[in-house]
file my_file.tsv (TSV, C-alpha atoms)
chain	number	residue	atom	x	y	z
M	24	LYS	CA	-36.27	-26.09	-21.27
M	25	PHE	CA	-33.96	-24.06	-18.98
M	26	PHE	CA	-31.71	-26.09	-16.67
M	27	GLN	CA	-30.61	-24.42	-13.46
M	28	ASP	CA	-27.96	-25.92	-11.19
M	29	HIS	CA	-27.39	-22.94	-8.84
M	30	PRO	CA	-29.77	-21.02	-6.61
M	31	ILE	CA	-30.97	-17.76	-8.10
M	32	THR	CA	-29.39	-14.56	-6.82
M	33	SER	CA	-32.30	-13.55	-4.59
M	34	GLU	CA	-32.17	-16.94	-2.87
M	35	ARG	CA	-28.42	-16.63	-2.34
M	36	ILE	CA	-28.85	-13.18	-0.80
M	37	ALA	CA	-31.67	-14.39	1.47
M	38	ALA	CA	-29.59	-17.37	2.64
M	39	LEU	CA	-26.64	-15.12	3.37
M	40	GLN	CA	-28.85	-12.67	5.30
M	41	VAL	CA	-30.16	-15.51	7.47
M	42	ARG	CA	-26.65	-16.78	8.11
M	43	ALA	CA	-25.32	-13.31	8.92
M	44	SER	CA	-28.19	-12.61	11.33
M	45	GLN	CA	-27.25	-15.74	13.29
M	46	GLN	CA	-23.72	-14.53	14.00
M	47	PRO	CA	-22.96	-13.46	17.60
M	48	HIS	CA	-21.89	-9.91	16.68
M	49	TYR	CA	-24.68	-9.23	14.19
M	50	ASP	CA	-26.38	-6.47	16.21
M	51	VAL	CA	-23.22	-5.07	17.79
M	52	ALA	CA	-22.43	-1.52	16.69
M	53	ASP	CA	-18.92	-0.82	15.47
M	54	THR	CA	-16.72	1.30	17.68
M	55	PRO	CA	-15.96	4.86	16.55
M	56	GLU	CA	-12.36	3.72	15.96
M	57	ALA	CA	-13.50	0.88	13.69
M	58	VAL	CA	-15.77	3.25	11.77
M	59	ALA	CA	-12.89	5.72	11.35
M	60	GLN	CA	-10.58	2.94	10.10
M	61	HIS	CA	-13.25	1.82	7.66
M	62	GLN	CA	-13.69	5.37	6.31
M	63	LEU	CA	-9.91	5.64	5.86
M	64	MET	CA	-9.81	2.30	4.06
M	65	ILE	CA	-12.61	3.38	1.71
M	66	ALA	CA	-10.89	6.70	0.98
M	67	LYS	CA	-7.59	4.95	0.23
M	68	LEU	CA	-9.19	2.35	-2.04
M	69	LYS	CA	-11.23	4.92	-3.93
M	70	ALA	CA	-8.20	7.17	-4.36
M	71	PHE	CA	-6.09	4.37	-5.78
M	72	GLU	CA	-8.85	2.88	-7.94
M	73	ASN	CA	-10.64	5.95	-9.31
M	74	TYR	CA	-9.27	8.61	-11.60
M	75	PRO	CA	-7.62	11.41	-9.60
M	76	GLN	CA	-10.21	13.89	-10.85
M	77	GLN	CA	-13.01	11.71	-9.46
M	78	THR	CA	-11.26	11.46	-6.11
M	79	LEU	CA	-10.98	15.24	-5.96
M	80	ILE	CA	-14.73	15.48	-6.63
M	81	ASP	CA	-15.53	12.85	-3.98
M	82	TYR	CA	-13.17	14.44	-1.44
M	83	PRO	CA	-13.22	18.22	-2.10
M	84	GLU	CA	-10.87	20.69	-0.41
M	85	SER	CA	-13.75	21.72	1.85
M	86	ASP	CA	-13.59	18.28	3.49
M	87	THR	CA	-10.76	18.53	6.02
M	88	SER	CA	-11.26	15.09	7.55
M	89	PHE	CA	-8.24	12.80	7.72
M	90	PRO	CA	-9.65	10.32	5.15
M	91	ALA	CA	-10.38	13.14	2.70
M	92	ARG	CA	-6.90	14.63	3.05
M	93	TYR	CA	-5.43	11.14	2.60
M	94	ALA	CA	-7.50	10.56	-0.54
M	95	ARG	CA	-6.46	13.93	-2.00
M	96	ALA	CA	-2.79	13.21	-1.29
M	97	ILE	CA	-3.10	9.95	-3.21
M	98	ALA	CA	-4.98	11.68	-6.03
M	99	TYR	CA	-2.28	14.32	-6.41
M	100	TYR	CA	0.43	11.65	-6.33
M	101	ARG	CA	-1.38	9.68	-9.03
M	102	ASP	CA	-1.94	12.86	-11.04
M	103	LEU	CA	1.85	13.48	-10.95
M	104	GLN	CA	1.43	16.61	-8.83
M	105	THR	CA	4.29	15.42	-6.64
M	106	ASP	CA	4.99	18.59	-4.66
M	107	ARG	CA	1.31	19.05	-3.85
M	108	ALA	CA	1.03	15.39	-2.82
M	109	LEU	CA	4.14	15.59	-0.64
M	110	LYS	CA	2.84	18.66	1.13
M	111	LEU	CA	-0.37	16.83	2.03
M	112	ILE	CA	1.47	13.64	2.99
M	113	ASP	CA	3.81	15.58	5.29
M	114	ALA	CA	0.78	17.16	6.99
M	115	LEU	CA	-0.76	13.70	7.44
M	116	ILE	CA	2.52	12.41	8.90
M	117	THR	CA	2.53	15.34	11.32
M	118	ASP	CA	-0.89	14.17	12.52
M	119	ARG	CA	0.08	10.48	12.65
M	120	PRO	CA	3.86	10.14	12.75
M	121	LYS	CA	3.75	6.46	13.67
M	122	ASP	CA	1.63	5.32	10.74
M	123	PRO	CA	3.96	3.21	8.56
M	124	TYR	CA	1.66	3.45	5.57
M	125	LEU	CA	1.86	7.24	5.45
M	126	TRP	CA	5.65	6.92	5.34
M	127	GLU	CA	5.24	4.27	2.65
M	128	LEU	CA	3.09	6.65	0.60
M	129	LYS	CA	5.70	9.37	0.94
M	130	GLY	CA	8.43	6.97	-0.16
M	131	GLN	CA	6.32	5.69	-3.05
M	132	THR	CA	5.57	9.23	-4.20
M	133	LEU	CA	9.24	10.19	-4.15
M	134	PHE	CA	10.42	6.92	-5.70
M	135	GLU	CA	7.95	7.01	-8.56
M	136	SER	CA	8.88	10.61	-9.32
M	137	GLY	CA	12.46	9.49	-9.91
M	138	ARG	CA	13.86	10.46	-6.50
M	139	PRO	CA	14.98	7.15	-4.92
M	140	ALA	CA	17.58	8.72	-2.60
M	141	GLU	CA	14.89	10.96	-1.12
M	142	ALA	CA	12.50	8.00	-0.92
M	143	GLU	CA	14.93	5.90	1.10
M	144	PRO	CA	14.46	7.65	4.50
M	145	ALA	CA	10.66	7.46	4.20
M	146	HIS	CA	10.77	3.76	3.30
M	147	ARG	CA	13.30	3.15	6.06
M	148	ARG	CA	10.96	4.79	8.58
M	149	SER	CA	8.03	2.64	7.40
M	150	VAL	CA	10.12	-0.49	8.00
M	151	GLU	CA	11.15	0.75	11.45
M	152	LEU	CA	7.49	1.23	12.34
M	153	LYS	CA	6.31	-2.12	10.91
M	154	PRO	CA	9.28	-4.48	10.46
M	155	ASP	CA	7.09	-7.55	9.90
M	156	ALA	CA	5.54	-6.18	6.67
M	157	PRO	CA	7.27	-7.68	3.62
M	158	LEU	CA	5.91	-5.00	1.26
M	159	LEU	CA	7.57	-2.23	3.24
M	160	ARG	CA	10.91	-4.04	3.19
M	161	LEU	CA	10.53	-4.63	-0.54
M	162	ASN	CA	9.92	-0.90	-1.10
M	163	LEU	CA	13.04	0.00	0.88
M	164	ALA	CA	15.11	-2.52	-1.08
M	165	GLN	CA	13.79	-1.19	-4.38
M	166	ALA	CA	14.80	2.36	-3.44
M	167	LEU	CA	18.26	1.19	-2.34
M	168	ILE	CA	18.80	-0.64	-5.64
M	169	ALA	CA	17.56	2.32	-7.68
M	170	GLU	CA	20.10	4.60	-6.01
M	171	GLU	CA	22.79	2.68	-7.94
M	172	ASN	CA	25.15	2.87	-4.98
M	173	PRO	CA	27.17	-0.37	-4.69
M	174	ALA	CA	27.53	0.20	-0.95
M	175	LYS	CA	23.76	-0.18	-0.49
M	176	LEU	CA	23.25	-3.41	-2.44
M	177	GLU	CA	23.99	-5.75	0.47
M	178	GLU	CA	21.38	-4.00	2.61
M	179	ALA	CA	18.88	-4.24	-0.25
M	180	ILE	CA	19.53	-7.97	-0.54
M	181	GLU	CA	19.10	-8.38	3.22
M	182	GLU	CA	15.76	-6.54	3.11
M	183	LEU	CA	14.62	-8.74	0.24
M	184	HIS	CA	15.60	-11.89	2.15
M	185	HIS	CA	13.38	-10.69	5.02
M	186	ALA	CA	10.53	-10.20	2.54
M	187	VAL	CA	10.84	-13.60	0.84
M	188	ASN	CA	11.16	-15.38	4.19
M	189	VAL	CA	7.58	-14.22	4.86
M	190	GLU	CA	6.36	-14.35	1.24
M	191	PRO	CA	8.46	-16.98	-0.56
M	192	ASP	CA	6.28	-16.77	-3.68
M	193	ASN	CA	6.68	-13.00	-4.13
M	194	ALA	CA	7.97	-12.90	-7.70
M	195	PHE	CA	8.68	-9.17	-7.62
M	196	ALA	CA	10.93	-9.57	-4.57
M	197	TRP	CA	12.87	-12.36	-6.30
M	198	MET	CA	13.23	-10.21	-9.43
M	199	LEU	CA	14.61	-7.33	-7.36
M	200	MET	CA	16.98	-9.72	-5.62
M	201	ALA	CA	18.25	-10.92	-9.00
M	202	GLN	CA	18.82	-7.29	-10.01
M	203	ALA	CA	20.68	-6.53	-6.79
M	204	TYR	CA	22.95	-9.56	-7.15
M	205	ASP	CA	23.56	-8.69	-10.80
M	206	HIS	CA	24.52	-5.10	-9.89
M	207	LYS	CA	26.74	-6.52	-7.16
M	208	GLY	CA	28.58	-8.64	-9.73
M	209	GLU	CA	27.31	-12.02	-8.54
M	210	PRO	CA	25.76	-13.55	-11.68
M	211	GLY	CA	25.31	-16.99	-10.13
M	212	MET	CA	23.24	-15.62	-7.26
M	213	ALA	CA	21.33	-13.44	-9.73
M	214	ARG	CA	20.41	-16.50	-11.79
M	215	LEU	CA	19.46	-18.41	-8.65
M	216	ALA	CA	17.14	-15.57	-7.56
M	217	SER	CA	15.67	-15.47	-11.07
call {"tool": "encode", "arguments": {"input": "my_file.tsv", "output": "structure tokens"}}
result
Amino acid sequence: KFFQDHPITSERIAALQVRASQQPHYDVADTPEAVAQHQLMIAKLKAFENYPQQTLIDYPESDTSFPARYARAIAYYRDLQTDRALKLIDALITDRPKDPYLWELKGQTLFESGRPAEAEPAHRRSVELKPDAPLLRLNLAQALIAEENPAKLEEAIEELHHAVNVEPDNAFAWMLMAQAYDHKGEPGMARLAS
């Protein structure tokens, strides 16, 4: 005999539908701004999760919407077509110069193509636009460390301290801090960060 200790899937879905329909905003239509943000989020997730070729099929050149251009920029970056990606990213930044995540994407594209010194200004701008985001500070610190300029290590460490103050369990930030202290010639602090 079959023993079942959980509701079947159809029952779970029905229960969730009832619960959702009882919420105060159930019948409220999303604003056009919320819909646009959702479309952008979907484009970004698809572009990072799918193969670049699939993204270019889903968001063809004929689609000139902001989400489509964003998705194609990510696809080209992931496909190692750096110059093509940067051209699209720069156009997106022209449209939305105060979006820290566009600057982050530009910095990430440059950094991962082996150009940390060129990535630094883009990452710096992302931090200026959203100073409370630990990930953006971590990206800036990573670029500063990768430049292998001893004069920039203290700033990298400072950025990483900002990041771990918000996310004390961020292992990648602690690893970068250990690297920075090691490059700075402070093995004790490097071991402590490790």
call {"tool": "atom_distance", "arguments": {"input": "my_file.tsv", "atom1": "atom CA of Ala203 of chain M", "atom2": "atom CA of Tyr100 of chain M"}}
result
27.2 Å
call {"tool": "closest_residue", "arguments": {"input": "my_file.tsv", "among": "M:Thr32, M:Ser85, M:Gln45, M:Ser217", "to": "Tyr204 of chain M", "atoms": "all atoms listed in the file"}}
result
M:Ser217
call {"tool": "closest_residue", "arguments": {"input": "my_file.tsv", "among": "M:Arg119, M:Ala166, M:Arg160, M:Ala57", "to": "Gln131 of chain M", "atoms": "all atoms listed in the file"}}
result
M:Ala166
call {"tool": "atom_distance", "arguments": {"input": "my_file.tsv", "atom1": "atom CA of Asn162 of chain M", "atom2": "atom CA of Val187 of chain M"}}
result
12.9 Å
call {"tool": "residues_around", "arguments": {"input": "my_file.tsv", "residues": "Ala201 of chain M", "least_positions_apart": "4", "cutoff": "9 Å", "atoms": "all atoms listed in the file", "output": "list in words"}}
result
Ala196, Trp197, Asp205, His206, Pro210, Met212, Ala213, Arg214, Leu215, Ala216 and Ser217 of chain M
call {"tool": "closest_residue", "arguments": {"input": "my_file.tsv", "among": "M:Glu141, M:Asp155, M:Glu178, M:Asp81", "to": "Glu190 of chain M", "atoms": "all atoms listed in the file"}}
result
M:Asp155
call {"tool": "atom_distance", "arguments": {"input": "my_file.tsv", "atom1": "atom CA of Leu158 of chain M", "atom2": "atom CA of Glu177 of chain M"}}
result
18.1 Å
call {"tool": "axis_aligned_box", "arguments": {"input": "my_file.tsv", "around": "segment 57-65 of chain M", "padding_each_side": "5 Å", "output": "lines of an AutoDock Vina configuration file"}}
result
center_x = -12.8
center_y = 3.3
center_z = 7.7
size_x = 16.0
size_y = 14.8
size_z = 22.0
call {"tool": "closest_residue", "arguments": {"input": "my_file.tsv", "among": "M:Thr87, M:Gln202, M:Thr117, M:Thr132", "to": "Thr105 of chain M", "atoms": "only C-alpha atoms"}}
result
M:Thr132
call {"tool": "decode", "arguments": {"input": "my_file.tsv", "residues": "segment 154-169 of chain M", "atoms": "all heavy atoms", "output": "short mmCIF file (atom, residue, chain, number, x, y, z; two decimals), in the first residue's frame"}}
result
data_model
loop_
_atom_site.label_atom_id
_atom_site.label_comp_id
_atom_site.auth_asym_id
_atom_site.auth_seq_id
_atom_site.Cartn_x
_atom_site.Cartn_y
_atom_site.Cartn_z
N PRO M 154 26.29 53.18 -2.93
CA PRO M 154 27.35 52.88 -1.96
C PRO M 154 26.99 51.82 -0.92
O PRO M 154 27.88 51.27 -0.28
CB PRO M 154 27.63 54.23 -1.30
CG PRO M 154 26.43 55.06 -1.54
CD PRO M 154 25.80 54.56 -2.81
N ASP M 155 25.71 51.52 -0.75
CA ASP M 155 25.30 50.54 0.25
C ASP M 155 25.27 49.11 -0.28
O ASP M 155 24.89 48.19 0.44
CB ASP M 155 23.93 50.92 0.81
CG ASP M 155 22.85 51.01 -0.27
OD1 ASP M 155 23.19 51.22 -1.45
OD2 ASP M 155 21.66 50.87 0.08
N ALA M 156 25.70 48.89 -1.52
CA ALA M 156 25.68 47.55 -2.11
C ALA M 156 27.04 46.88 -1.96
O ALA M 156 28.01 47.26 -2.63
CB ALA M 156 25.29 47.63 -3.59
N PRO M 157 27.15 45.87 -1.09
CA PRO M 157 28.43 45.21 -0.87
C PRO M 157 29.05 44.61 -2.13
O PRO M 157 30.27 44.67 -2.30
CB PRO M 157 28.12 44.11 0.15
CG PRO M 157 26.78 44.41 0.69
CD PRO M 157 26.08 45.31 -0.28
N LEU M 158 28.22 44.04 -3.01
CA LEU M 158 28.75 43.43 -4.23
C LEU M 158 29.49 44.45 -5.09
O LEU M 158 30.55 44.14 -5.65
CB LEU M 158 27.62 42.79 -5.04
CG LEU M 158 28.02 42.25 -6.41
CD1 LEU M 158 28.99 41.09 -6.27
CD2 LEU M 158 26.81 41.84 -7.21
N LEU M 159 28.97 45.65 -5.19
CA LEU M 159 29.62 46.67 -6.01
C LEU M 159 30.97 47.07 -5.41
O LEU M 159 31.94 47.28 -6.13
CB LEU M 159 28.69 47.87 -6.18
CG LEU M 159 27.33 47.56 -6.81
CD1 LEU M 159 26.50 48.83 -6.95
CD2 LEU M 159 27.47 46.86 -8.14
N ARG M 160 31.02 47.16 -4.09
CA ARG M 160 32.30 47.49 -3.43
C ARG M 160 33.30 46.35 -3.60
O ARG M 160 34.48 46.58 -3.81
CB ARG M 160 32.07 47.78 -1.95
CG ARG M 160 31.35 49.11 -1.73
CD ARG M 160 31.26 49.44 -0.25
NE ARG M 160 30.66 50.73 -0.03
CZ ARG M 160 31.32 51.87 0.04
NH1 ARG M 160 32.62 51.91 -0.13
NH2 ARG M 160 30.68 53.01 0.28
N LEU M 161 32.81 45.13 -3.53
CA LEU M 161 33.67 43.96 -3.73
C LEU M 161 34.26 43.97 -5.14
O LEU M 161 35.45 43.71 -5.33
CB LEU M 161 32.85 42.71 -3.48
CG LEU M 161 33.57 41.39 -3.43
CD1 LEU M 161 32.87 40.47 -2.45
CD2 LEU M 161 33.61 40.74 -4.78
N ASN M 162 33.45 44.29 -6.14
CA ASN M 162 33.92 44.35 -7.52
C ASN M 162 35.01 45.41 -7.69
O ASN M 162 36.01 45.17 -8.38
CB ASN M 162 32.77 44.66 -8.48
CG ASN M 162 31.81 43.50 -8.64
OD1 ASN M 162 32.15 42.36 -8.36
ND2 ASN M 162 30.61 43.79 -9.06
N LEU M 163 34.80 46.58 -7.08
CA LEU M 163 35.81 47.63 -7.15
C LEU M 163 37.10 47.16 -6.50
O LEU M 163 38.19 47.32 -7.07
CB LEU M 163 35.30 48.92 -6.49
CG LEU M 163 36.33 50.05 -6.37
CD1 LEU M 163 36.90 50.45 -7.72
CD2 LEU M 163 35.69 51.26 -5.67
N ALA M 164 37.00 46.56 -5.33
CA ALA M 164 38.20 46.07 -4.64
C ALA M 164 38.92 45.03 -5.47
O ALA M 164 40.16 45.05 -5.57
CB ALA M 164 37.80 45.48 -3.28
N GLN M 165 38.18 44.14 -6.09
CA GLN M 165 38.80 43.09 -6.91
C GLN M 165 39.58 43.71 -8.07
O GLN M 165 40.69 43.28 -8.39
CB GLN M 165 37.73 42.14 -7.42
CG GLN M 165 38.28 40.94 -8.17
CD GLN M 165 37.19 39.99 -8.60
OE1 GLN M 165 36.04 40.37 -8.82
NE2 GLN M 165 37.54 38.73 -8.75
N ALA M 166 39.02 44.73 -8.70
CA ALA M 166 39.72 45.40 -9.79
C ALA M 166 40.98 46.09 -9.28
O ALA M 166 42.04 46.02 -9.91
CB ALA M 166 38.81 46.41 -10.49
N LEU M 167 40.88 46.75 -8.13
CA LEU M 167 42.04 47.44 -7.56
C LEU M 167 43.16 46.46 -7.25
O LEU M 167 44.33 46.74 -7.52
CB LEU M 167 41.63 48.21 -6.29
CG LEU M 167 40.69 49.40 -6.49
CD1 LEU M 167 40.15 49.89 -5.16
CD2 LEU M 167 41.39 50.52 -7.25
N ILE M 168 42.82 45.31 -6.68
CA ILE M 168 43.83 44.30 -6.37
C ILE M 168 44.46 43.76 -7.64
O ILE M 168 45.68 43.59 -7.73
CB ILE M 168 43.21 43.15 -5.53
CG1 ILE M 168 42.78 43.66 -4.16
CG2 ILE M 168 44.19 41.98 -5.40
CD1 ILE M 168 41.86 42.71 -3.40
N ALA M 169 43.65 43.52 -8.65
CA ALA M 169 44.14 42.93 -9.90
C ALA M 169 45.07 43.87 -10.66
O ALA M 169 45.87 43.42 -11.48
CB ALA M 169 42.96 42.53 -10.78
#
